[in-house]
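Trainee: Got a structure for you, written out below as structure tokens; questions coming shortly.
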Amino acid sequence: MAGKRTFSMIKPDAFGAGNTGNILKMIEEAGFGIVAAKVLHMSEDMAKTFYSVHEGRAFYEPLCHFMSSGPIMALILEKENAVTDFRELIGKTNPEEAAEGTVRSLYATSTRENAVHGSDSDENAELEASFFFNKFERVELTRVEVAN
Ligand code: IDP
């Protein structure tokens with residue numbers, strides 16, 4: 001059964017450009033709940049550990065440099081089919097290939113500086129979430145009914 005949670009980051013390009021609010025709005029309007037959130041500035045070593053699966057690829061070093069170039073927002077998000085639906089919401093890695101209306105089509109400026117991260121499997125979602133958050137930093141979501 002597909003998992004309910006995914007891990008995301010609003011990357012330094014989007015965070016620095018002041019697009020965090022707009023991106024969070026898209027995320028919430030797509031039906032995701034925010035289970036955990038924090039703003040932090042990764043060291044280059046931290047970025048290298050996070051992206052170690054890409055070590056040896058040509059884009060690895062510049063990617064880690066970029067990801068430690070400014071603050072990010074790390075997020076755990078909840079929804080049915082969270083991983084798949086979130087990757088659909090953000091669009092393809094290269095913004096020129098990202099479908100119209102996706103987060104990357106709107107806010108990414110290049111294949112590297114592409115605004116957001118989204119986990120690619122349930123297993124990686126949990127590994128990546130645990131890299132940034134302990135269990136006390138994750139909430140159980142409750143829906144609030146607002147009276148008009
Ligand atoms: P994804 O984030 O769409 O899942 P991955 O292949 O996992 O893409 O790559 C991780 C990140 O590395 C991308 O989001 C992007 O920032 C960067 N990246 C991937 N491929 C390239 C490339 O060909 N040139 C520059 N940066 C890249």
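Chain labels follow the order of the structure tokens: the first chain is A, the next B, and so on; residue numbering restarts at 1 in every chain, and ligands are counted from 1 in their shown order.
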Can you pull out every residue from chain A that DSSP, working from the backbone, puts in strand (DSSP E), and format the result as a list of chain:residue names?

Mentor: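 Going through chain A, the strand (DSSP E) residues come out as A:Arg5, A:Thr6, A:Phe7, A:Ser8, A:Met9, A:Ile10, A:Gly33, A:Ile34, A:Val35, A:Ala36, A:Ala37, A:Lys38, A:Val39, A:Leu40, A:Ile72, A:Met73, A:Ala74, A:Leu75, A:Ile76, A:Leu77, A:Glu78, A:Val116, A:His117, A:Gly118.
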
Trainee: If you count only C-alpha atoms and all ligand atoms, which residues end up within 9 Å of ligand 1, as a ChimeraX atom specification?

Mentor: /A:11,51,53-54,57-60,62-64,66-67,87,90-94,110-120

Trainee: If you keep C-alpha atoms, can you produce a file of those selected residues as a PDB file, in the first residue's frame?

Mentor:
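Listing of out-v6.pdb after writing:
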```pdb
ATOM      1  CA  LYS A  11      15.394  24.828  -1.993  1.00  0.00           C
ATOM      2  CA  TYR A  51      22.640  13.616  -1.730  1.00  0.00           C
ATOM      3  CA  VAL A  53      23.321   8.603  -3.721  1.00  0.00           C
ATOM      4  CA  HIS A  54      24.431  10.993  -6.515  1.00  0.00           C
ATOM      5  CA  ARG A  57      27.815  12.303 -10.988  1.00  0.00           C
ATOM      6  CA  ALA A  58      28.853  15.538 -12.703  1.00  0.00           C
ATOM      7  CA  PHE A  59      26.065  17.519 -11.016  1.00  0.00           C
ATOM      8  CA  TYR A  60      26.807  16.272  -7.466  1.00  0.00           C
ATOM      9  CA  PRO A  62      27.581  21.929  -7.770  1.00  0.00           C
ATOM     10  CA  LEU A  63      24.275  20.587  -6.398  1.00  0.00           C
ATOM     11  CA  CYS A  64      25.723  20.333  -2.862  1.00  0.00           C
ATOM     12  CA  PHE A  66      23.868  25.189  -4.294  1.00  0.00           C
ATOM     13  CA  MET A  67      21.924  23.384  -1.556  1.00  0.00           C
ATOM     14  CA  ARG A  87       6.141  14.359  -7.476  1.00  0.00           C
ATOM     15  CA  ILE A  90       6.276  19.490  -8.445  1.00  0.00           C
ATOM     16  CA  GLY A  91       6.887  18.283 -12.021  1.00  0.00           C
ATOM     17  CA  LYS A  92       9.980  17.006 -13.783  1.00  0.00           C
ATOM     18  CA  THR A  93      13.543  17.820 -12.659  1.00  0.00           C
ATOM     19  CA  ASN A  94      14.178  20.081 -15.667  1.00  0.00           C
ATOM     20  CA  SER A 110      17.205  25.625 -14.056  1.00  0.00           C
ATOM     21  CA  THR A 111      17.599  21.853 -13.745  1.00  0.00           C
ATOM     22  CA  ARG A 112      19.801  22.423 -10.677  1.00  0.00           C
ATOM     23  CA  GLU A 113      17.963  25.361  -9.128  1.00  0.00           C
ATOM     24  CA  ASN A 114      14.578  23.746  -9.373  1.00  0.00           C
ATOM     25  CA  ALA A 115      12.763  25.148  -6.338  1.00  0.00           C
ATOM     26  CA  VAL A 116      11.730  21.963  -4.528  1.00  0.00           C
ATOM     27  CA  HIS A 117      12.753  18.453  -3.555  1.00  0.00           C
ATOM     28  CA  GLY A 118      10.350  15.523  -3.318  1.00  0.00           C
ATOM     29  CA  SER A 119      11.246  11.991  -2.185  1.00  0.00           C
ATOM     30  CA  ASP A 120      11.145   9.317  -4.894  1.00  0.00           C
TER      31      ASP A 120
END
```

Trainee: What is the distance between CA of Ala82 (chain A) and CA of Val103 (chain A), in Å to one decimal?

Mentor: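 Computing it gives 15.6 Å between the two atoms.
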
Trainee: So what do you get for CA of Gly3 (chain A) versus CA of Glu97 (chain A), distance-wise?

Mentor: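 Interatomic distance here is 26.6 Å.
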
Trainee: Between CA of Met42 (chain A) and CA of Ser121 (chain A), what is the spacing in Å?

Mentor: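 These atoms are spaced 22.7 Å apart.
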
Trainee: Which residue is closest to Asp45 (chain A)? Choose from A:Gly31, A:Ala17, A:His65, A:Ser8 and count only C-alpha atoms.

Mentor: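 Among the listed residues, A:His65 lies closest to Asp45 (chain A).
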
Trainee: Could I get the residues of region 20-88 of chain A with an atom no further than 7 Å from an atom of region 127-141 of chain A, each paired with its nearest atom pair and that distance in Å to one decimal, using only C-alpha atoms, sorted by chain and residue number, as a Markdown table?

Mentor:
```
| residue | atom | partner | partner_atom | distance |
| --- | --- | --- | --- | --- |
| A:Val35 | CA | A:Val139 | CA | 5.2 |
| A:Ala36 | CA | A:Arg138 | CA | 5.0 |
| A:Ile76 | CA | A:Ala129 | CA | 6.5 |
```

Trainee: Output C-alpha atoms of each residue in that selection to a file, as an mmCIF file, in the first residue's frame.

Mentor:
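Output file selection.cif is given in full below:
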```
data_model
loop_
_atom_site.group_PDB
_atom_site.id
_atom_site.type_symbol
_atom_site.label_atom_id
_atom_site.label_comp_id
_atom_site.auth_asym_id
_atom_site.auth_seq_id
_atom_site.Cartn_x
_atom_site.Cartn_y
_atom_site.Cartn_z
ATOM 1 C CA VAL A 35 3.364 17.287 9.621
ATOM 2 C CA ALA A 36 6.759 18.928 10.251
ATOM 3 C CA ILE A 76 7.145 16.321 6.054
#
```

Trainee: Point out the residue among A:Lys48, A:Met73, A:Ser43, A:Val83 with the least atom-to-atom distance to Gly21 (chain A), counting only C-alpha atoms.

Mentor: A:Met73

Trainee: So, with only C-alpha atoms as the atoms that count, which of A:Ala108, A:Val144, A:Ala2, A:Met46 lies closest to Phe15 (chain A)?

Mentor: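 Closest candidate: A:Ala108.
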
Trainee: Counting only C-alpha atoms, figure out which residue out of A:Glu78, A:Asp13, A:Glu61, A:Glu55 gets nearest to Phe32 (chain A).

Mentor: A:Glu78
